[in-house]
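structure.txt follows (compact mmCIF, C-alpha atoms):
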# COMPACT_ATOMS: atom_id res chain seq x y z
CA MET A 1345 105.40 -34.06 176.07
CA GLU A 1346 108.81 -33.06 177.44
CA VAL A 1347 110.89 -29.88 177.06
CA THR A 1348 114.37 -28.98 178.32
CA ILE A 1349 115.74 -25.52 179.16
CA ILE A 1350 119.51 -25.14 179.50
CA GLY A 1351 120.14 -22.27 181.91
CA CYS A 1352 117.78 -20.94 184.60
CA GLY A 1353 119.02 -17.37 184.88
CA GLY A 1354 116.60 -14.49 184.40
CA THR A 1355 115.41 -15.42 180.91
CA GLY A 1356 115.50 -19.19 181.42
CA SER A 1357 113.37 -18.94 184.57
CA ALA A 1358 110.91 -16.58 182.82
CA ILE A 1359 110.53 -19.10 179.98
CA LEU A 1360 110.00 -21.83 182.59
CA TRP A 1361 107.13 -19.78 184.03
CA ASN A 1362 105.52 -19.46 180.60
CA LEU A 1363 105.76 -23.22 179.99
CA ILE A 1364 104.79 -24.54 183.41
CA ILE A 1365 101.21 -23.33 182.93
CA LEU A 1366 100.78 -25.30 179.68
CA PRO A 1367 98.96 -28.61 180.27
CA LYS A 1368 100.38 -30.12 177.06
CA ILE A 1369 103.87 -30.13 178.55
CA GLN A 1370 104.07 -32.96 181.07
CA LYS A 1371 107.73 -32.55 182.02
CA ILE A 1372 110.27 -29.70 181.99
CA ASN A 1373 113.95 -30.34 182.58
CA ILE A 1374 116.03 -27.41 183.89
CA ILE A 1375 119.80 -27.79 183.57
CA ASP A 1376 122.23 -25.26 185.06
CA TYR A 1377 125.77 -25.31 186.46
CA ASN A 1378 124.86 -22.75 189.16
CA LYS A 1379 123.50 -24.62 192.16
CA LYS A 1380 122.61 -21.38 193.96
CA GLN A 1381 120.50 -20.18 191.02
CA ILE A 1382 118.67 -23.52 190.79
CA LYS A 1383 117.81 -23.31 194.48
CA LYS A 1384 116.67 -19.69 194.11
CA VAL A 1385 114.29 -20.50 191.24
CA SER A 1386 112.96 -23.60 192.99
CA THR A 1387 112.35 -21.64 196.19
CA ILE A 1388 110.47 -18.86 194.33
CA LEU A 1389 108.21 -21.43 192.64
CA THR A 1390 107.45 -22.95 196.06
CA LYS A 1391 106.63 -19.55 197.57
CA LEU A 1392 104.32 -18.82 194.64
CA LYS A 1393 102.60 -22.19 195.27
CA ILE A 1394 103.44 -23.52 191.81
CA ASP A 1395 103.13 -27.28 191.32
CA LYS A 1396 106.75 -28.33 190.70
CA ARG A 1397 106.08 -32.02 190.15
CA ARG A 1398 106.48 -31.56 186.39
CA VAL A 1399 109.83 -29.75 186.79
CA ARG A 1400 113.15 -31.56 187.26
CA PHE A 1401 116.23 -29.51 188.21
CA PHE A 1402 119.72 -30.78 187.34
CA HIS A 1403 122.94 -29.25 188.63
CA ILE A 1404 125.22 -30.08 185.68
CA ASN A 1405 127.94 -28.34 183.72
CA THR A 1406 127.08 -28.08 180.01
CA LYS A 1407 130.35 -29.87 179.20
CA SER A 1408 128.76 -33.06 180.58
CA GLN A 1409 127.48 -34.00 177.14
CA ILE A 1410 126.71 -37.68 177.83
CA ARG A 1411 124.72 -36.85 180.98
CA ILE A 1412 122.74 -34.08 179.26
CA LYS A 1413 122.04 -36.36 176.31
CA GLU A 1414 120.61 -38.96 178.68
CA ILE A 1415 118.45 -36.44 180.59
CA THR A 1416 117.03 -34.90 177.38
CA LYS A 1417 116.51 -38.08 175.33
CA LYS A 1418 112.69 -37.69 175.44
CA SER A 1419 112.59 -33.90 174.97
CA LYS A 1420 110.75 -32.70 171.88
CA VAL A 1421 112.42 -29.26 172.18
CA ILE A 1422 115.68 -28.21 173.82
CA LEU A 1423 116.25 -24.49 174.36
CA ASN A 1424 119.62 -22.96 175.18
CA ALA A 1425 119.02 -20.01 177.51
CA SER A 1426 122.69 -19.92 178.47
CA LEU A 1427 125.70 -18.52 176.59
CA PRO A 1428 126.22 -18.92 172.80
CA ILE A 1429 129.45 -20.83 173.45
CA HIS A 1430 127.23 -23.83 174.33
CA ASN A 1431 125.08 -23.62 171.18
CA GLU A 1432 126.90 -26.13 169.01
CA LEU A 1433 127.21 -28.74 171.76
CA ILE A 1434 123.47 -28.53 172.50
CA LEU A 1435 122.64 -28.56 168.79
CA LYS A 1436 124.52 -31.86 168.40
CA ILE A 1437 122.61 -33.31 171.37
CA CYS A 1438 119.38 -32.33 169.62
CA LEU A 1439 120.48 -34.21 166.51
CA ALA A 1440 121.33 -37.30 168.54
CA ASN A 1441 118.00 -37.20 170.42
CA LYS A 1442 115.86 -36.15 167.42
CA SER A 1443 114.83 -32.95 169.25
CA HIS A 1444 114.07 -29.49 167.90
CA TYR A 1445 116.55 -26.78 168.91
CA ILE A 1446 116.19 -23.09 169.90
CA ASP A 1447 118.77 -20.61 171.13
CA LEU A 1448 118.47 -16.95 172.11
CA ALA A 1449 121.64 -15.69 170.45
CA SER A 1450 124.49 -16.64 168.15
CA ASP A 1451 127.12 -14.29 166.78
CA PRO A 1452 126.64 -13.02 163.20
CA PHE A 1453 130.37 -13.49 162.58
CA LYS A 1454 133.45 -14.31 164.63
CA TYR A 1455 134.23 -11.47 167.01
CA PRO A 1456 137.81 -10.85 168.23
CA ASP A 1457 138.72 -13.11 171.15
CA THR A 1458 135.60 -15.28 170.78
CA PRO A 1459 135.57 -18.85 169.45
CA TYR A 1460 134.06 -19.76 166.09
CA ASN A 1461 131.46 -22.03 167.71
CA THR A 1462 129.54 -18.99 169.02
CA THR A 1463 128.61 -18.06 165.43
CA PHE A 1464 125.54 -18.90 163.38
CA ASP A 1465 127.83 -20.33 160.67
CA ALA A 1466 129.02 -22.95 163.17
CA LEU A 1467 125.39 -24.08 163.51
CA TYR A 1468 124.43 -23.78 159.85
CA LYS A 1469 126.91 -26.48 158.85
CA TYR A 1470 124.42 -28.95 160.42
CA ASN A 1471 121.58 -27.72 158.18
CA LYS A 1472 121.52 -30.80 155.91
CA LYS A 1473 121.48 -33.16 158.90
CA PHE A 1474 118.53 -31.32 160.45
CA LEU A 1475 116.69 -31.41 157.12
CA HIS A 1476 117.42 -35.13 156.73
CA ASN A 1477 116.03 -35.83 160.23
CA ASN A 1478 112.96 -33.59 159.75
CA LEU A 1479 114.11 -31.34 162.59
CA LEU A 1480 114.15 -27.58 163.09
CA ALA A 1481 116.87 -25.47 164.71
CA ILE A 1482 116.01 -21.78 165.26
CA SER A 1483 118.89 -19.51 166.25
CA ASN A 1484 118.75 -15.93 167.52
CA ALA A 1485 115.21 -16.28 168.87
CA GLY A 1486 115.21 -13.80 171.75
CA LEU A 1487 114.11 -10.16 171.60
CA SER A 1488 116.84 -8.49 169.54
CA PRO A 1489 117.66 -10.48 167.51
CA GLY A 1490 114.54 -12.62 167.35
CA LEU A 1491 111.28 -10.77 167.80
CA THR A 1492 112.80 -7.85 165.88
CA ASP A 1493 113.39 -10.14 162.86
CA LEU A 1494 109.86 -11.54 163.10
CA LEU A 1495 108.28 -8.07 163.17
CA VAL A 1496 110.27 -6.99 160.11
CA LYS A 1497 109.25 -10.20 158.29
CA HIS A 1498 105.61 -9.64 159.27
CA VAL A 1499 105.51 -6.08 157.90
CA VAL A 1500 107.43 -6.94 154.72
CA SER A 1501 105.21 -9.95 153.98
CA ASN A 1502 101.83 -8.42 154.79
CA LYS A 1503 102.43 -5.02 153.22
CA LYS A 1504 103.95 -6.62 150.11
CA ILE A 1505 107.00 -4.42 150.30
CA GLY A 1506 109.60 -4.60 147.56
CA GLU A 1507 112.84 -2.71 148.13
CA ILE A 1508 113.52 -1.32 151.64
CA ASP A 1509 115.41 1.94 152.04
CA LEU A 1510 116.05 1.71 155.77
CA ILE A 1511 115.30 -0.46 158.80
CA LYS A 1512 115.85 1.16 162.19
CA ILE A 1513 115.75 -0.98 165.33
CA SER A 1514 115.81 1.04 168.56
CA LEU A 1515 116.10 -0.49 172.03
CA ALA A 1516 115.84 1.39 175.31
CA GLU A 1517 115.46 0.98 179.05
CA LYS A 1518 115.00 3.27 182.05
CA ILE A 1519 115.78 2.01 185.55
CA ASP A 1520 115.16 4.10 188.66
CA SER A 1521 117.90 2.70 190.87
CA LYS A 1522 120.19 3.89 193.66
CA GLU A 1523 123.10 1.86 192.23
CA LEU A 1524 124.38 0.71 188.85
CA VAL A 1525 122.28 -2.30 187.91
CA ALA A 1526 121.76 -4.43 184.81
CA SER A 1527 118.56 -6.25 183.93
CA TRP A 1528 120.48 -8.22 181.27
CA SER A 1529 124.14 -9.03 180.70
CA PRO A 1530 126.28 -5.94 181.48
CA HIS A 1531 129.14 -7.68 179.66
CA ILE A 1532 127.14 -7.75 176.40
CA LEU A 1533 125.90 -4.19 176.98
CA MET A 1534 129.48 -2.92 177.29
CA LEU A 1535 130.66 -5.00 174.32
CA GLU A 1536 127.90 -3.64 172.06
CA PHE A 1537 128.34 -0.04 173.20
CA LEU A 1538 132.14 0.25 173.44
CA SER A 1539 133.13 -1.82 170.38
CA PRO A 1540 133.30 0.01 167.01
CA PRO A 1541 129.67 0.81 166.02
CA THR A 1542 128.45 -0.73 162.77
CA ILE A 1543 125.50 -0.61 160.38
CA LEU A 1544 124.55 -2.49 157.21
CA LEU A 1545 124.98 -0.24 154.18
CA GLY A 1546 124.63 -1.41 150.58
CA GLY A 1547 124.99 -5.05 151.59
CA LYS A 1548 128.17 -4.48 153.63
CA ILE A 1549 128.76 -4.02 157.35
CA VAL A 1550 130.57 -0.73 157.85
CA GLU A 1551 131.77 1.28 160.84
CA VAL A 1552 130.13 4.61 161.66
CA ASN A 1553 130.89 7.50 163.97
CA SER A 1554 129.20 6.89 167.32
CA GLU A 1555 128.54 10.52 168.20
CA THR A 1556 127.16 11.67 164.84
CA SER A 1557 125.03 8.51 164.61
CA SER A 1558 123.51 8.88 168.08
CA GLU A 1559 120.31 10.79 168.77
CA LEU A 1560 117.81 11.70 171.45
CA HIS A 1561 115.02 9.35 170.38
CA ASN A 1562 111.44 10.04 171.42
CA PHE A 1563 109.96 6.68 172.36
CA SER A 1564 106.26 6.40 173.14
CA LEU A 1565 105.27 7.09 176.73
CA PRO A 1566 105.88 5.98 179.40
CA LEU A 1567 109.44 5.50 178.08
CA GLY A 1568 109.86 8.95 176.54
CA PRO A 1569 113.11 10.52 175.22
CA ILE A 1570 116.33 8.50 175.59
CA LYS A 1571 119.69 9.03 173.93
CA ILE A 1572 120.45 5.99 171.77
CA TYR A 1573 123.75 4.96 170.20
CA PRO A 1574 124.66 2.67 167.28
CA PHE A 1575 125.61 -0.78 168.57
CA SER A 1576 128.45 -2.94 167.32
CA GLY A 1577 127.89 -5.97 165.10
CA HIS A 1578 124.30 -6.63 166.11
CA PRO A 1579 123.04 -9.94 164.63
CA GLU A 1580 120.13 -8.33 162.73
CA LEU A 1581 122.69 -6.80 160.35
CA VAL A 1582 123.16 -10.38 159.10
CA THR A 1583 120.02 -12.31 160.08
CA ILE A 1584 117.48 -9.95 158.46
CA PRO A 1585 119.05 -9.75 154.97
CA LYS A 1586 120.05 -13.44 155.02
CA PHE A 1587 116.57 -14.79 155.72
CA ILE A 1588 114.22 -12.01 154.58
CA LYS A 1589 114.73 -12.10 150.85
CA LYS A 1590 114.37 -8.42 150.02
CA ARG A 1591 116.78 -5.77 148.83
CA ILE A 1592 117.63 -3.72 151.93
CA ASN A 1593 119.80 -0.64 151.55
CA ARG A 1594 120.49 0.12 155.21
CA ILE A 1595 119.95 -1.42 158.66
CA GLU A 1596 120.72 0.35 161.94
CA VAL A 1597 120.46 -1.15 165.44
CA ARG A 1598 120.75 1.39 168.23
CA GLY A 1599 120.23 1.27 171.95
CA GLY A 1600 120.18 3.40 175.05
CA MET A 1601 119.78 3.14 178.79
CA ASN A 1602 119.10 5.51 181.67
CA ILE A 1603 119.89 4.57 185.25
CA GLY A 1604 118.55 7.39 187.36
CA ASN A 1605 119.67 10.57 185.59
CA LEU A 1606 122.62 8.90 183.82
CA ASN A 1607 122.58 8.06 180.10
CA LEU A 1608 124.61 5.20 178.62
CA GLU A 1609 127.78 7.28 178.22
CA GLN A 1610 127.57 8.49 181.80
CA ILE A 1611 126.74 4.99 183.06
CA THR A 1612 129.86 3.63 181.38
CA LEU A 1613 132.02 6.40 182.84
CA GLU A 1614 130.60 5.78 186.30
CA ALA A 1615 131.26 2.04 185.93
CA LEU A 1616 134.89 2.73 184.93
CA ARG A 1617 135.37 5.06 187.89
CA LYS A 1618 133.94 2.44 190.22
CA GLN A 1619 136.30 -0.24 188.94
CA THR A 1620 139.42 1.96 188.85
CA SER A 1621 138.78 2.98 192.46
CA LEU A 1622 139.33 -0.70 193.33
CA SER A 1623 142.22 -1.43 190.98
CA GLN A 1624 143.84 0.22 187.97
CA THR A 1625 145.22 -3.07 186.65
CA ILE A 1626 143.33 -5.65 184.61
CA LYS A 1627 144.92 -9.06 185.07
CA ASN A 1628 144.14 -11.64 182.36
CA GLU A 1629 140.54 -10.51 182.12
CA ASN A 1630 138.26 -9.38 179.30
CA VAL A 1631 137.83 -5.60 179.54
CA PHE A 1632 134.03 -5.81 179.15
CA SER A 1633 133.76 -8.41 181.92
CA TRP A 1634 135.95 -6.19 184.10
CA ILE A 1635 133.67 -3.17 183.63
CA ALA A 1636 130.58 -5.35 184.11
CA LYS A 1637 131.67 -6.11 187.69
CA SER A 1638 130.58 -2.60 188.70
CA PHE A 1639 126.90 -3.46 188.06
CA ILE A 1640 124.52 -5.36 190.32
CA SER A 1641 124.20 -8.67 188.47
CA PRO A 1642 120.97 -9.48 186.57
CA SER A 1643 120.66 -12.61 188.74
CA ASN A 1644 120.36 -10.29 191.78
CA PHE A 1645 117.87 -7.87 190.16
CA LEU A 1646 114.85 -9.18 192.08
CA ASP A 1647 116.78 -9.11 195.37
CA ALA A 1648 117.81 -5.49 194.70
CA GLN A 1649 114.18 -4.67 193.96
CA LYS A 1650 113.05 -6.18 197.29
CA GLN A 1651 115.76 -4.20 199.11
CA GLY A 1652 114.47 -0.94 197.61
CA ILE A 1653 117.61 -0.32 195.53
CA ILE A 1654 115.56 -0.63 192.34
CA VAL A 1655 112.35 1.41 192.34
CA SER A 1656 111.07 0.98 188.78
CA GLU A 1657 111.97 -0.16 185.26
CA ILE A 1658 110.54 0.65 181.82
CA GLY A 1659 111.78 -0.85 178.57
CA GLY A 1660 110.86 -1.46 174.98
CA ILE A 1661 111.68 -1.64 171.30
CA GLU A 1662 110.70 0.34 168.23
CA ILE A 1663 111.11 -0.87 164.65
CA GLU A 1664 110.85 1.56 161.74
CA ILE A 1665 110.79 0.42 158.11
CA TYR A 1666 111.16 3.05 155.40
CA THR A 1667 110.14 2.20 151.85
CA LYS A 1668 108.29 3.76 148.91
CA ASN A 1669 105.75 2.92 146.25
CA LYS A 1670 105.15 4.67 142.93
CA SER A 1671 103.85 7.87 144.51
CA ASN A 1672 104.72 7.95 148.24
CA LYS A 1673 107.45 7.42 150.78
CA ILE A 1674 106.07 5.23 153.57
CA LYS A 1675 107.14 4.54 157.14
CA TYR A 1676 105.88 1.42 158.90
CA SER A 1677 106.54 1.19 162.63
CA ILE A 1678 105.93 -1.31 165.43
CA THR A 1679 106.43 -0.34 169.07
CA CYS A 1680 106.37 -2.44 172.22
CA ILE A 1681 106.87 -0.84 175.64
CA THR A 1682 106.17 -2.20 179.10
CA ASP A 1683 107.11 -1.63 182.74
CA LEU A 1684 108.20 -3.69 185.72
CA LYS A 1685 104.76 -3.83 187.35
CA LYS A 1686 103.09 -5.20 184.21
CA SER A 1687 105.95 -7.63 183.53
CA GLN A 1688 105.88 -9.11 187.02
CA LYS A 1689 102.10 -9.38 187.00
CA LEU A 1690 102.52 -11.72 184.02
CA ILE A 1691 105.76 -13.40 185.15
CA PRO A 1692 106.65 -12.85 188.85
CA LEU A 1693 110.19 -14.18 188.20
CA ALA A 1694 110.93 -11.55 185.53
CA ASN A 1695 112.15 -8.01 185.10
CA VAL A 1696 111.21 -6.01 181.99
CA SER A 1697 114.14 -7.29 179.92
CA THR A 1698 113.74 -10.97 180.78
CA TYR A 1699 109.98 -10.74 180.21
CA LEU A 1700 110.47 -9.17 176.77
CA VAL A 1701 113.11 -11.75 175.80
CA SER A 1702 111.17 -14.75 177.13
CA VAL A 1703 107.83 -14.36 175.37
CA PHE A 1704 108.87 -15.16 171.78
CA PRO A 1705 110.88 -18.35 172.46
CA SER A 1706 108.09 -19.56 174.75
CA VAL A 1707 105.62 -19.20 171.87
CA LEU A 1708 108.00 -21.02 169.52
CA ILE A 1709 108.17 -23.94 171.96
CA GLU A 1710 104.35 -24.06 172.13
CA LEU A 1711 104.09 -24.15 168.33
CA LEU A 1712 106.73 -26.87 168.01
CA ILE A 1713 104.94 -28.96 170.64
CA GLU A 1714 101.73 -28.57 168.60
CA ASP A 1715 103.55 -29.32 165.29
CA LYS A 1716 102.44 -25.92 163.95
CA ILE A 1717 105.82 -24.85 162.51
CA LYS A 1718 106.54 -26.47 159.16
CA GLU A 1719 110.04 -25.09 158.44
CA ARG A 1720 112.96 -27.46 158.87
CA GLY A 1721 116.74 -27.21 158.89
CA VAL A 1722 118.92 -24.65 160.66
CA ILE A 1723 117.41 -21.17 160.33
CA CYS A 1724 117.06 -17.76 161.91
CA VAL A 1725 113.69 -16.19 162.69
CA GLY A 1726 113.32 -14.38 159.36
CA ALA A 1727 112.76 -17.73 157.63
CA LEU A 1728 109.53 -18.35 159.58
CA ASN A 1729 106.34 -17.78 157.56
CA GLU A 1730 103.45 -18.07 160.05
CA THR A 1731 104.03 -14.61 161.48
CA LYS A 1732 100.34 -13.79 162.11
CA ASP A 1733 99.76 -16.82 164.35
CA ILE A 1734 103.02 -16.22 166.23
CA LEU A 1735 102.23 -12.54 166.85
CA HIS A 1736 98.67 -13.40 167.92
CA ARG A 1737 100.05 -15.76 170.57
CA ILE A 1738 102.67 -13.22 171.65
CA GLU A 1739 99.96 -10.61 172.24
CA LYS A 1740 97.87 -13.15 174.18
CA LYS A 1741 100.85 -13.35 176.58
CA GLY A 1742 100.43 -9.64 177.30
CA LEU A 1743 102.98 -8.14 174.92
CA LYS A 1744 101.14 -5.24 173.32
CA LEU A 1745 102.37 -4.34 169.82
CA ILE A 1746 101.37 -0.96 168.37
CA GLN A 1747 101.57 -0.79 164.58
CA LYS A 1748 101.42 2.39 162.48
CA THR A 1749 101.66 3.36 158.83
CA GLU A 1750 102.64 6.94 157.94
CA LEU A 1751 103.14 8.72 154.64
CA GLN A 1752 106.44 10.66 154.55
CA LYS A 1753 107.11 13.98 152.84

Would you give me this structure, written as structure tokens?
Amino acid sequence: MEVTIIGCGGTGSAILWNLIILPKIQKINIIDYNKKQIKKVSTILTKLKIDKRRVRFFHINTKSQIRIKEITKKSKVILNASLPIHNELILKICLANKSHYIDLASDPFKYPDTPYNTTFDALYKYNKKFLHNNLLAISNAGLSPGLTDLLVKHVVSNKKIGEIDLIKISLAEKIDSKELVASWSPHILMLEFLSPPTILLGGKIVEVNSETSSELHNFSLPLGPIKIYPFSGHPELVTIPKFIKKRINRIEVRGGMNIGNLNLEQITLEALRKQTSLSQTIKNENVFSWIAKSFISPSNFLDAQKQGIIVSEIGGIEIEIYTKNKSNKIKYSITCITDLKKSQKLIPLANVSTYLVSVFPSVLIELLIEDKIKERGVICVGALNETKDILHRIEKKGLKLIQKTELQK
């Protein structure tokens, strides 16, 4: 059985680690345009004494459609661990090769200055063709969106919930670092934090006030209290109501980060100061990409850790679902928190963020290889029905999920 991963950055290499230990997968193709990153991942595998004979690395630009199609012609699953702009091209290769498709993110709608082909709608137009060919394409299958959607679907299905008053998705990370550093894309972090914050309210996406909608959120230890802010246009505002067929009155997705003693507002200000000290002019460049230059890149996270710049990292998610029955208001919650030591014990190539993002798509690939997922067509995670089996496998990979049910006053 053969699998292909497009992109061997932090998440792609973590997924590779999860798959390379599976005997059912005889061959794994890794395709990336970054020759330096390919060499780095290959060298780490050698140092860790991993048998690389089943792994083939290809230094290819994703625009090389004919070459990628040839390389992946025997792949049962192709996963895009690179940017959403490549989603549609890879999806079409999957159709041509009769392969299943997974990506980690697609946009819920067209953002300003981004092309239409980054959206889920651009993929969904191939739904009938995937159904006709008995193939499955799963979009937005990372952590958030992705695992967040699955956890909501699991609670809603197993608790037999009717109408939902509120879904809160909270994301947070603490990094003890001597410099500004990002464990995942600083460009996306800045885009989600600095763009107009939005929530789903009464079936419509509406803007909210960032300051009045932020809060000091008490996550479970060892994460603890972190100030979180409403993010802009997070995919769950669309993916959850579209594929989880329940009436949902409100969805909020909020996130926060501490680097040292700095919260997300202070981190952003420090990043701006760092960039303006170099130049006060932005020349033909996206403002979020410009600010992101002030961070140590996620691809250099492990190097910064070895150099002692990064001391520790803790991260996690919390999902709260508020509903009611005839006599009580009820809050269901699921929390998942881990640290750098635990993450790297499970995946030496990972940081906390890439570990958390990698587990769910790795499980989906396993299930597709075993023909255990029956859904077909182009879907998001909320359309999947075998949530118990998926979550069981996720927990077997070391991701501890704490579930609670509380009666509210």

Next item on the list: Quote the spacing between atom CA of A:Leu1475 and atom CA of A:Gly1721 in Å to one decimal place.
Entry: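 Between atom CA of A:Leu1475 and atom CA of A:Gly1721 the gap is 4.6 Å.
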
Item checked: Residues near A:Lys1753, cut-off 9 Å, only C-alpha atoms, skip fewer than 4 positions along chain, as a PyMOL selection string -> chain A and resi 1672-1674

Next item on the list: Would you work out the distance separating atom CA of A:Leu1693 from atom CA of A:Lys1740, expressed in Å to one decimal?
Entry: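 Taking atom CA of A:Leu1693 as the start and atom CA of A:Lys1740 as the end point, the length is 18.7 Å.
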
Next item on the list: Measuring atom to atom with all atoms listed in the file, identify which of A:Glu1662, A:Asp1447, A:Glu1414, A:Glu1657 is nearest to A:Lys1512.
Entry: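 For A:Lys1512, the nearest of the given residues is A:Glu1662.
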
Item checked: Minimum-distance residue to A:Lys1590, chosen among A:Ala1358, A:Leu1690, A:Ile1505, A:Ile1374 (using only C-alpha atoms) ->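 Among A:Ala1358, A:Leu1690, A:Ile1505, A:Ile1374, it is A:Ile1505 that comes nearest to A:Lys1590.
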
Check: Which residue, A:Lys1497, A:Asn1644, A:Val1421, A:Ile1364, has the smallest gap to A:Asp1715 when you use all atoms listed in the file?
Finding: A:Val1421

Residues around (119.8, -6.1, 187.5), cut-off 7 Å, counting all atoms listed in the file - what are they as a PDB file with C-alpha atoms, keeping the file's coordinate frame?
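Below is the file point11.pdb, written as the result:
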ATOM      1  CA  VAL A1525     122.280  -2.300 187.910  1.00  0.00           C
ATOM      2  CA  ALA A1526     121.760  -4.430 184.810  1.00  0.00           C
ATOM      3  CA  SER A1527     118.560  -6.250 183.930  1.00  0.00           C
ATOM      4  CA  TRP A1528     120.480  -8.220 181.270  1.00  0.00           C
ATOM      5  CA  ILE A1640     124.520  -5.360 190.320  1.00  0.00           C
ATOM      6  CA  SER A1641     124.200  -8.670 188.470  1.00  0.00           C
ATOM      7  CA  PRO A1642     120.970  -9.480 186.570  1.00  0.00           C
ATOM      8  CA  SER A1643     120.660 -12.610 188.740  1.00  0.00           C
ATOM      9  CA  ASN A1644     120.360 -10.290 191.780  1.00  0.00           C
ATOM     10  CA  PHE A1645     117.870  -7.870 190.160  1.00  0.00           C
TER      11      PHE A1645
END

Note to self: Can you measure atom CA of A:His1531 to atom CA of A:His1561 for me? One decimal in Å is fine.
What the structure shows: 24.0 Å

Check: Near A:Lys1732, counting all atoms listed in the file, which residues have an atom at most 12 Å away, once you skip same-chain residues fewer than 4 positions from it, shown as number ranges by chain?
Finding: A: 1494-1495, 1497-1499, 1501-1502, 1728, 1736-1739

Margin query: Ranking A:Gln1381, A:Gln1370, A:Ser1564, A:Thr1731 by minimum distance to A:Gly1351 and counting all atoms listed in the file, which one comes first?
Written below: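 With all atoms listed in the file as the atom set, the closest residue is A:Gln1381.
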
Item checked: Counting all atoms listed in the file, the option among A:Glu1517, A:Glu1580, A:Glu1730, A:Glu1346 closest to A:Gly1659 ->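 Comparing A:Glu1517, A:Glu1580, A:Glu1730, A:Glu1346 against A:Gly1659, the winner is A:Glu1517.
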
Checklist line | Shell around A:Val1703 at 10 Å using only C-alpha atoms, local window under 5 positions removed, as a PyMOL selection string | finding: chain A and resi 1355+1358-1359+1362+1486-1487+1491+1698+1708+1737-1739+1741-1743
